[in-house]
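Shown next: work-v7.tsv, containing TSV, C-alpha atoms.
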chain	number	residue	atom	x	y	z
D	1	MET	CA	44.22	-58.58	-35.81
D	2	GLN	CA	42.76	-56.80	-38.83
D	3	ILE	CA	40.11	-54.96	-36.82
D	4	GLU	CA	42.64	-53.85	-34.21
D	5	ALA	CA	44.84	-52.53	-37.05
D	6	ARG	CA	41.84	-50.72	-38.53
D	7	LEU	CA	41.07	-49.10	-35.18
D	8	GLU	CA	44.70	-48.01	-34.93
D	9	GLU	CA	44.50	-46.48	-38.43
D	10	LEU	CA	41.47	-44.51	-37.24
D	11	GLY	CA	43.39	-43.34	-34.16
D	12	ILE	CA	41.07	-45.20	-31.79
D	13	ILE	CA	42.30	-46.95	-28.67
D	14	LEU	CA	39.55	-49.00	-27.09
D	15	PRO	CA	39.09	-48.23	-23.40
D	16	GLU	CA	38.70	-50.91	-20.76
D	17	ALA	CA	35.16	-52.25	-20.91
D	18	PRO	CA	33.04	-49.76	-18.96
D	19	ALA	CA	31.69	-51.12	-15.69
D	20	PRO	CA	27.90	-51.53	-15.60
D	21	LEU	CA	26.02	-48.84	-13.69
D	22	ALA	CA	23.68	-51.35	-11.97
D	23	ASN	CA	23.00	-55.08	-11.57
D	24	TYR	CA	23.66	-56.34	-15.11
D	25	VAL	CA	26.58	-57.28	-17.34
D	26	GLY	CA	27.92	-55.37	-20.32
D	27	ALA	CA	27.53	-58.27	-22.73
D	28	VAL	CA	26.25	-61.84	-22.89
D	29	LEU	CA	27.58	-64.48	-25.29
D	30	SER	CA	24.86	-66.98	-26.23
D	31	GLY	CA	25.71	-69.45	-28.97
D	32	ASN	CA	27.23	-67.44	-31.79
D	33	HIS	CA	25.61	-64.13	-30.82
D	34	VAL	CA	26.69	-61.46	-28.36
D	35	TYR	CA	23.99	-59.26	-26.88
D	36	LEU	CA	25.45	-55.97	-25.67
D	37	SER	CA	23.76	-53.90	-22.98
D	38	GLY	CA	23.07	-50.26	-23.63
D	39	ALA	CA	26.24	-48.16	-23.59
D	40	GLY	CA	26.41	-44.48	-22.86
D	41	PRO	CA	28.88	-41.90	-24.16
D	42	ARG	CA	31.62	-42.28	-21.55
D	43	GLY	CA	34.82	-40.72	-22.89
D	44	GLU	CA	38.26	-40.27	-21.33
D	45	ALA	CA	37.09	-37.25	-19.30
D	46	GLY	CA	33.72	-38.71	-18.27
D	47	PHE	CA	30.32	-38.63	-19.91
D	48	VAL	CA	30.05	-36.26	-22.87
D	49	HIS	CA	27.26	-33.89	-23.90
D	50	PRO	CA	24.76	-34.54	-21.08
D	51	GLY	CA	21.27	-33.27	-21.71
D	52	LYS	CA	18.50	-33.37	-24.26
D	53	LEU	CA	18.84	-33.23	-28.01
D	54	GLY	CA	17.01	-30.20	-29.28
D	55	ARG	CA	17.70	-28.27	-26.09
D	56	GLU	CA	21.23	-28.48	-24.57
D	57	VAL	CA	22.69	-30.87	-27.16
D	58	THR	CA	22.98	-30.33	-30.93
D	59	THR	CA	22.48	-33.04	-33.54
D	60	GLU	CA	26.24	-32.97	-34.25
D	61	GLN	CA	27.07	-33.40	-30.55
D	62	GLY	CA	24.55	-36.23	-30.35
D	63	ALA	CA	26.23	-37.98	-33.30
D	64	GLU	CA	29.61	-37.55	-31.59
D	65	ALA	CA	28.14	-39.07	-28.42
D	66	ALA	CA	26.72	-41.97	-30.46
D	67	ARG	CA	30.18	-42.63	-31.93
D	68	ILE	CA	31.59	-42.80	-28.39
D	69	CYS	CA	28.81	-45.24	-27.50
D	70	GLY	CA	29.98	-47.37	-30.45
D	71	ILE	CA	33.55	-47.33	-29.15
D	72	ASN	CA	32.31	-48.43	-25.71
D	73	LEU	CA	30.22	-51.19	-27.27
D	74	LEU	CA	33.32	-52.52	-29.05
D	75	ALA	CA	35.23	-52.41	-25.76
D	76	ASN	CA	32.49	-54.52	-24.13
D	77	LEU	CA	32.45	-56.86	-27.12
D	78	LYS	CA	36.21	-57.35	-27.01
D	79	ALA	CA	36.04	-58.10	-23.28
D	80	VAL	CA	33.70	-61.00	-24.03
D	81	ILE	CA	35.14	-62.45	-27.26
D	82	GLY	CA	38.80	-61.44	-26.95
D	83	ASP	CA	39.46	-60.89	-30.65
D	84	LEU	CA	37.32	-58.50	-32.72
D	85	ASP	CA	38.29	-60.46	-35.85
D	86	ARG	CA	35.76	-63.05	-34.62
D	87	VAL	CA	32.96	-60.67	-35.66
D	88	VAL	CA	30.97	-62.21	-38.52
D	89	ARG	CA	28.48	-59.36	-38.66
D	90	ILE	CA	27.02	-56.51	-36.66
D	91	VAL	CA	23.42	-57.72	-36.72
D	92	LYS	CA	21.43	-54.95	-35.07
D	93	VAL	CA	21.90	-51.60	-33.38
D	94	ALA	CA	19.16	-50.02	-31.28
D	95	GLY	CA	19.43	-46.50	-29.94
D	96	MET	CA	17.53	-44.32	-27.52
D	97	VAL	CA	17.89	-40.57	-27.87
D	98	ASN	CA	17.15	-38.30	-24.91
D	99	CYS	CA	15.30	-35.48	-26.66
D	100	VAL	CA	12.58	-32.85	-26.58
D	101	PRO	CA	9.23	-34.06	-27.95
D	102	ASP	CA	9.52	-32.43	-31.38
D	103	PHE	CA	13.15	-33.46	-32.09
D	104	ALA	CA	13.16	-35.16	-35.50
D	105	ASP	CA	16.87	-35.81	-36.22
D	106	LEU	CA	16.96	-39.18	-34.43
D	107	PRO	CA	18.46	-41.03	-37.44
D	108	GLN	CA	21.23	-38.43	-37.84
D	109	VAL	CA	22.21	-38.87	-34.18
D	110	LEU	CA	22.41	-42.67	-34.43
D	111	ASN	CA	24.42	-42.35	-37.65
D	112	GLY	CA	27.37	-41.47	-35.40
D	113	CYS	CA	27.45	-45.08	-34.22
D	114	SER	CA	26.34	-46.72	-37.48
D	115	ASP	CA	28.90	-44.85	-39.58
D	116	PHE	CA	31.62	-45.76	-37.07
D	117	LEU	CA	30.76	-49.48	-37.24
D	118	VAL	CA	30.88	-49.49	-41.05
D	119	GLU	CA	34.14	-47.52	-40.94
D	120	VAL	CA	35.66	-50.23	-38.72
D	121	PHE	CA	34.09	-53.42	-40.12
D	122	GLY	CA	33.20	-52.50	-43.70
D	123	ASP	CA	30.26	-54.53	-45.03
D	124	LYS	CA	30.25	-56.67	-41.85
D	125	GLY	CA	29.36	-53.47	-39.99
D	126	LYS	CA	26.14	-52.84	-41.95
D	127	HIS	CA	23.25	-53.67	-39.67
D	128	ALA	CA	19.54	-53.52	-39.02
D	129	ARG	CA	18.66	-50.59	-36.80
D	130	ALA	CA	16.02	-48.98	-34.62
D	131	VAL	CA	16.02	-45.61	-32.88
D	132	ILE	CA	13.48	-43.98	-30.60
D	133	GLY	CA	13.26	-40.69	-28.77
D	134	VAL	CA	12.81	-40.91	-25.01
D	135	ALA	CA	12.02	-38.47	-22.22
D	136	GLN	CA	15.08	-39.32	-20.09
D	137	LEU	CA	18.15	-41.58	-19.95
D	138	PRO	CA	20.42	-42.50	-17.01
D	139	LEU	CA	22.81	-39.72	-15.92
D	140	SER	CA	21.23	-37.45	-18.55
D	141	PHE	CA	22.96	-39.35	-21.38
D	142	PRO	CA	22.06	-37.76	-24.71
D	143	VAL	CA	22.04	-41.23	-26.29
D	144	GLU	CA	22.30	-44.87	-25.23
D	145	ILE	CA	22.90	-47.68	-27.72
D	146	GLU	CA	22.67	-51.47	-27.54
D	147	MET	CA	23.89	-53.96	-30.14
D	148	MET	CA	23.64	-57.59	-31.24
D	149	VAL	CA	26.65	-59.19	-32.98
D	150	GLU	CA	27.19	-62.55	-34.69
D	151	VAL	CA	30.59	-64.08	-33.92
D	152	SER	CA	32.54	-67.14	-35.04

Re-express the file's structure as structure tokens.
Amino acid sequence: MQIEARLEELGIILPEAPAPLANYVGAVLSGNHVYLSGAGPRGEAGFVHPGKLGREVTTEQGAEAARICGINLLANLKAVIGDLDRVVRIVKVAGMVNCVPDFADLPQVLNGCSDFLVEVFGDKGKHARAVIGVAQLPLSFPVEIEMMVEVS
């Protein structure tokens, strides 16, 4: 339970795995990899910082939203594998940022999730990554993130 203890040190209590918003599942275990569906920034009081980066949402708010996405991804992961100590490595993180056309701080937004994963898993949390800016996301999410994880 090292990862659970680390989350507790960070003051993070994983929520119940968020229910999917449509006809899909939050995560699929295939062999020794878990493919996690895109997660939005659903916090205790609902979705945080709706809107577009570069207009209604600041880079700092976007990074906070990305961190919440990371927490929700771990909740989905735990629902599938039971014990987060089974994580061998966070393999890849891919993010979509709802932004105005000239918004250039995409990497800084996704750092909210990436930094969180390294904070929790250490070197196992270092991952390959992609981020793109998009014109719109469901429910006006500022960011949506998906992840691939290797497990034992």

**OP:** Excluding D:Arg42 and residues on its chain fewer than 5 positions from it, collect all residues at most 10 Å away from it, counting all atoms listed in the file, and give them as an MDAnalysis selection string.
**Re:** chainID D and resid 15 18 47:49 65 68:69 71:72 141

Original post:
Smallest atom-to-atom distance to D:Leu110: which of D:Gly133, D:Gly62, D:Gly122, D:Pro138, using only C-alpha atoms?
Top reply: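 So, comparing all the options, the nearest one is D:Gly62.
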
**OP:** Tell me which of D:Ala19, D:Ile13, D:Val25, D:Val151 sits closest to D:Glu44, counting all atoms listed in the file.
**Re:**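 Among the listed residues, D:Ile13 lies closest to D:Glu44.
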
Subject >> D:Thr58, D:Asn98, D:Ser152, D:Ser140 ranked by distance to D:Asn32, top pick (using only C-alpha atoms) >> reply: D:Ser152

**OP:** Would you please work out which residue, of D:Gly38, D:Gly11, D:Arg89, D:Gln136, is nearest to D:Tyr24 when using all atoms listed in the file?
**Re:** D:Gly38

**OP:** With all atoms listed in the file counted, which protein, DNA or RNA residues have an atom no more than 7 Å from (26.3, -56.1, -35.7) in the file frame? Please answer as a list in words.
**Re:**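 Those within range, by chain then number, are Arg89, Ile90, Val91, Lys92, Val93, Gly125, His127, Met147, Met148, Val149 and Glu150 of chain D.
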
**OP:** Pick out the closest residue to D:Ala63 from this set: D:Ala5, D:Ile132, D:Ala79, D:Leu106. Count only C-alpha atoms.
**Re:**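 Of D:Ala5, D:Ile132, D:Ala79, D:Leu106, the one nearest D:Ala63, counting only C-alpha atoms, is D:Leu106.
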
Original post:
Quick one: of D:Leu10, D:Val143, D:Ala94, D:Ala66, who's nearest to D:Leu36, counting only C-alpha atoms?
Top reply: D:Ala94

**OP:** Please measure the separation of atom CA of D:Glu119 and atom CA of D:Leu84, giving the value in Å to one decimal.
**Re:**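 Distance between the two atoms: 14.1 Å.
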
Who sits within 7 Å of D:Asn76, only C-alpha atoms, same chain under 4 positions skipped, as a compact mmCIF listing (two decimals) with C-alpha atoms, keeping the file's coordinate frame:
# COMPACT_ATOMS: atom_id res chain seq x y z
CA ALA D 17 35.16 -52.25 -20.91
CA GLY D 26 27.92 -55.37 -20.32
CA ALA D 27 27.53 -58.27 -22.73
CA ASN D 72 32.31 -48.43 -25.71
CA VAL D 80 33.70 -61.00 -24.03

Subject >> Gap from atom CA of D:Gly43 to atom CA of D:Phe116 - Å, one decimal >> reply: 15.4 Å

Original post:
Could you tell me, as a list in words, which residues have any atom at most 8 Å from (12.4, -32.0, -29.8), counting all atoms listed in the file?
Top reply: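 Returned residue set, sorted by chain then number, is Leu53, Gly54, Arg55, Cys99, Val100, Pro101, Asp102, Phe103 and Ala104 of chain D.
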
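Taking atom CA of D:Arg129 and atom CA of D:Gly95 as endpoints, the distance between them is 8.0 Å.
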